Structures are given as structure tokens and as C-alpha cells.
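Undergrad: Just dropping this structure here.
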There are 2 protein chains.
Amino acid sequence: MLIEKKHPQKAIVLLSGGLDSATTLAIAERESDSVLALTFDYGQKHAIETQAACAIAELWNTPRRLVGIDLRQFGGSALTTDEIAVPRSGGGKITEGAEIPVTYVPARNTIFLSYALALAEVEQADAIYIGVNALDYSGYPDCRPEFVRAFQSLANLATRRAVEGSPVKILTPLIDMTKAEIITLGAKMGVDYSLTVSCYDPDESGAACGACDSCHLRRKGFTEAGISDPTRYIGATNK
Amino acid sequence: MLIEKKHPQKAIVLLSGGLDSATTLAIAERESDSVLALTFDYGQKHAIETQAACAIAELWNTPRRLVGIDLRQFGGSALTTDEIAVPRSGGGKITEGAEIPVTYVPARNTIFLSYALALAEVEQADAIYIGVNALDYSGYPDCRPEFVRAFQSLANLATRRAVEGSPVKILTPLIDMTKAEIITLGAKMGVDYSLTVSCYDPDESGAACGACDSCHLRRKGFTEAGISDPTRYIGATNK
């Protein structure tokens with residue numbers, strides 16, 4: 001007997017413009033009756049990712065909300081202050097997660113999910129998709145499965161929906177996937193990875209540095225997936 | 001044997017400008033080595049409370065951060081959209097909490113605490129004070145003790161501090177107090193309640209309507225405490 005999975009009627013998707021969130025959007029578009037993408041301009045150095053998010057949302061005809069939240073006023077991260085440089089060549093930690101790199105933005109996913117929860121309440125959405133994954137990630141504390149579970153527990157109490165018995169579900173379809181698996185899945189679903197931006201420190205033209213944690217993870221993913229990396233890297237000639 | 005309570009070394013206090021948060025600030029100033037007040041301009045109709053917060057912080061010489069977050073773009077509350085009026089004369093629910101009034105702002109405390117968590121991380125603060133109380137309150141889901149406990153569980157996982165073994169503590173000194181008890185305590189500690197603003201819908205001069213949920217709770221509190229209410233109400237002559 002086939003047990004039908006209950007799919008979201010309306011879902012909010014956190015869409016950064018990176019490859020994980022682009023893949024997550026494709027999954028949400030397949031699983032949900034209606035989707036609303038939520039993108040944050042939080043003062044990140046790689047603000048070009050918000051333009052990428054726009055292009056990705058347009059590809060799926062997904063309505064999109066851009067929310068400005070100034071995390072530069074708090075600083076404390078290589079991504080939100082000019083005082084800390086984005087490390088190149090493995091300056092941060094990849095995959096092992098034993099150490100939190102300087103690109104960690106304090107409480108970023110907590111803030112993002114809080115806004116998504118507010119938007120879900122207002123838009124009467126029953127699910128929030130977030131493209132965190134716990135294998136090929138940068139070792140941020142707020143990307144871990146236990147963090148997401150704790151946020152789900154909070155969402156089960158925090159809103160009118162919750163009190164009325166239908167709390168918003170936090171969905172993490174990529175949580176157990178490697179970067180290569182994510183890329184393979186997304187490619188099958190028609191995700192255009194040339195539109196996505198992973199680099200933490202792209203140049204003015206949007207070309208990726210090829211050396212930061214996020215570029216390392218992306219390159220490794222494409223290589224392992226056996227799929228050509230469409231990223232335009234600084235100084236490289238993509239074929 | 002007296003067991004010494006471990007007091008915060010550095011605390012963030014959510015300071016709205018209302019009487020609960022003003023009392024909480026007084027408690028935090030007494031308990032903590034250093035305090036930083038955090039106030040949000042979130043597009044509330046009663047924006048005059050942010051000026052009140054400023055005056056209250058100055059009274060204690062507390063450094064203060066004002067953060068702008070536009071919750072009007074989401075709406076969904078009588079406090080953040082002109083499309084919904086603030087109810088007068090018991091239009092909302094007081095104390096019983098069985099129904100969530102239209103003044104509920106979707107996920108507001110989740111968003112506020114998320115920002116406080118980010119600021120605590122950056123400022124190396126070990127505690128966040130929030131003046132929620134579960135007795136004389138407006139029935140908002142994100143003022144309940146179980147909500148605060150869930151946020152504590154989240155904070156225990158979400159940040160660098162948490163991973164390093166010293167998560168931020170969420171402190172709610174007013175959680176079990178009636179409004180009258182809060183006022184009595186605050187008055188003893190020197191809180192100047194004439195500086196605080198409770199009304200959800202004050203007039204342009206800052207005079208309180210005297211009829212919204214928040215005014216009802218405040219008036220009842222002062223009456224039960226046997227303390228003269230210093231609030232300037234619309235059309236009333238305060239003596």
C-alpha cells in the first residue's frame with residue numbers, strides 16, 4: 001500500500017542564491033502547491049547572490065520577497081565586516097566541522113528562520129524549506145540537524161498557527177546529502193547552476209574567487225558529481 | 001549555607017519602552033556587571049515607545065542599540081498595519097489567554113530574541129533579559145514560559161558560544177509576576193514609570209488611549225499595587 005506523503009499547500013523557501021537553496025527551491029516547487037521565495041539582503045559582501053536569487057526565482061516563476069536586514073551593524077563575521085577578510089585556500093574548515101570559521105555570521109539562520117516564520121504566519125504557509133546540509137558544509141552551528149530540530153520545537157509554540165494546532169513545518173530536504181548528490185539531483189530537476197553564486201568573496205563582475213570555503217565545497221561537489229561546473233572563476237577560462 | 005547565584009557578566013536587555021521592560025532593565029542593572037539595552041523600531045504604530053526606551057536607558061546610563069526591522073512589510077497585526085484597528089474596550093483578550101488578539105505581531109518575540117542572540121554573540125554577552133510575563137499579558141503565544149524554554153534550547157545550539165560550552169542564558173525575571181507585583185518591585189527599585197509607554201495606540205502627543213488591552217492591564221496593575229498611575233491618558237487630567 002502506498003502511503004501518500006502530505007505535501008505542503010503553501011511553502012516559504014529560503015533562497016540565498018547559492019546552489020543548495022536553488023536545489024531546495026526546485027524540490028519545493030515539485031512538492032508544494034504554491035511557493036514563495038524569501039531572500040535576505042543582510043549586508044553580505046557577496047550581495048551579488050541576491051541578484052542570483054532573483055534570476056533563480058524567475059526561472060521557476062516563483063513569487064519572491066526580498067527583505068533587508070542590516071547584520072553589518074552587528075558585524076562579527078568575515079561576511080559582514082570589512083575588518084575580517086574572507087579566508088582563501090582552506091583558511092576555514094571544510095566538512096569536518098570541528099572548528100567554526102570566521103565566515104560564520106552570528107545567529108544568521110536563527111534570524112532568517114524567524115523572519116520566515118513571521119512570513120509563513122502572515123501568508124498562511126504551512127512549511128518552510130531551508131537548504132542546510134550537514135555533510136559538505138562550513139561547520140556553522142546553525143546548519144546542524146539538531147539546530148533545525150530545536151527551531152521546529154520553537155515553531156511548534158511560537159505562532160498563532162501553532163496554538164491553533166497546525167504549526168509550520170521546517171523542511172530540510174538536503175540535510176543528509178553530499179554536495180555531489182545535491183548537484184546530481186538538481187541537474188536532473190533542471191536547476192540552472194550557472195545562475196547560482198556560492199563564492200563568499202566574488203569580484204565586481206561576479207566571478208568566483210575559487211579559493212574560499214564555499215568555492216572549495218562547490219568545486220569538489222561538481223567534480224565528484226562528474227558534472228561540468230558552470231561557475232565563472234576569477235582568471236579562469238570556463239569552457 | 002548561602003548558595004551564591006551566578007550573575008551575568010554582560011547582559012543584553014530587550015527594552016521596548018513599556019513598564020515590563022523598564023522593570024526588567026532595573027533588575028538586569030542590579031544583577032549584571034554590565035548591560036546593553038536593545039530596542040527595536042519595527043514599524044509599530046506606537047513608535048513613541050522607542051523614545052521612551054531611550055529616556056529609560058538614559059536614566060540608568062545604560063548603553064543602547066536601536067535596531068530597525070520593518071515588520072510592516074509583513075503586516076498581519078493591528079500594531080503593524082493601518083488596515084487593522086487597535087481594539088478598544090476589551091476588543092482583545094486580557095489575562096485568560098484563550099484567544100490571540102489582533103494586536104499579536106507574527107513571530108515578533110522570535111525575531112527579537114534572534115537579534116538579541118546575534119548581538120549577544122558579537123558583544124560576548126552571557127545573558128539576554130526579556131520582560132515577558134505569563135499572568136497579566138495579552139495572550140500572545142510568544143510570551144509563554146514554554147516558548148522561552150524552547151528558545152533557550154535553540155540558543156543552546158545556535159551559536160559559537162553554545163558550541164564552545166557557554167550558551168547565552170535567556171532570563172525572564174517577571175515571568176511569574178502579576179502586573180501589580182511588577183510595578184511594586186519596580187517602584188522600590190526606582191523605576192520612573194512616567195517615562196514608560198504601554199498604550200498600543202497613543203495620540204500624537206503620546207497620551208495613552210486608556211482603553212486598549214495594554215492600557216487596561218497597566219491601569220489594573222497600578223490600581224492593584226496601590227500606586228498612583230503616572231500615565232498621561234487622552235482627555236484625562238492627571239494629578
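Identifiers in this document derive from the order of the C-alpha cells: chains are assigned A, B, ..., residues are numbered from 1 separately in each chain, and ligands are numbered from 1 in order of occurrence.
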Which residues of chain B come within 6 Å of chain A, and what is each one's closest atom pair and distance in Å (one decimal), counting only C-alpha atoms, sorted by chain and residue number, as a tab-separated table?

TA:
```
residue	atom	partner	partner_atom	distance
B:Gly76	CA	A:Val122	CA	5.5
B:Pro106	CA	A:Ala118	CA	4.9
B:Ala107	CA	A:Ala118	CA	4.8
B:Thr110	CA	A:Ser114	CA	5.8
B:Ile111	CA	A:Ser114	CA	5.2
B:Ser114	CA	A:Ile111	CA	5.2
B:Ala118	CA	A:Ala107	CA	4.9
B:Val122	CA	A:Gly76	CA	5.6
B:Pro141	CA	A:Ala158	CA	5.5
B:Asp142	CA	A:Ala158	CA	5.0
B:Phe147	CA	A:Leu157	CA	5.8
B:Ala150	CA	A:Leu154	CA	5.1
B:Leu154	CA	A:Ala150	CA	5.1
B:Leu157	CA	A:Phe147	CA	5.8
B:Ala158	CA	A:Asp142	CA	5.0
B:Thr159	CA	A:Pro141	CA	5.8
```

Undergrad: What does the file look like for those residues with C-alpha atoms, as a compact mmCIF listing (two decimals), in the first residue's frame?

TA:
```txt
# COMPACT_ATOMS: atom_id res chain seq x y z
CA GLY B 76 -0.77 40.80 9.86
CA PRO B 106 3.58 37.35 13.96
CA ALA B 107 6.78 35.84 15.39
CA THR B 110 11.15 35.05 17.99
CA ILE B 111 12.64 37.74 15.76
CA SER B 114 17.11 36.08 17.41
CA ALA B 118 23.26 37.70 17.41
CA VAL B 122 29.10 39.70 18.94
CA PRO B 141 1.91 32.68 22.12
CA ASP B 142 5.46 34.01 22.24
CA PHE B 147 8.12 29.46 24.32
CA ALA B 150 12.12 26.40 23.59
CA LEU B 154 17.60 26.75 20.45
CA LEU B 157 22.75 25.04 19.88
CA ALA B 158 22.66 28.07 17.61
CA THR B 159 25.86 29.98 18.25
```

Undergrad: Extract, using only C-alpha atoms, all DNA, RNA and protein residues at most 10 Å from B:Arg232, discarding same-chain residues fewer than 3 positions from it, and format them as a PyMOL selection string.

TA: chain B and resi 194+197+202+205-210+229+235-239

Undergrad: Neighbouring residues of B:Cys215 were defined as those with any atom within 12 Å, considering only C-alpha atoms; residues of the same chain fewer than 2 positions away were excluded. Please report them as a PyMOL selection string.

TA: chain B and resi 18-19+86-90+92+94+136-138+179+196-202+207-213+217-222+229+231-234
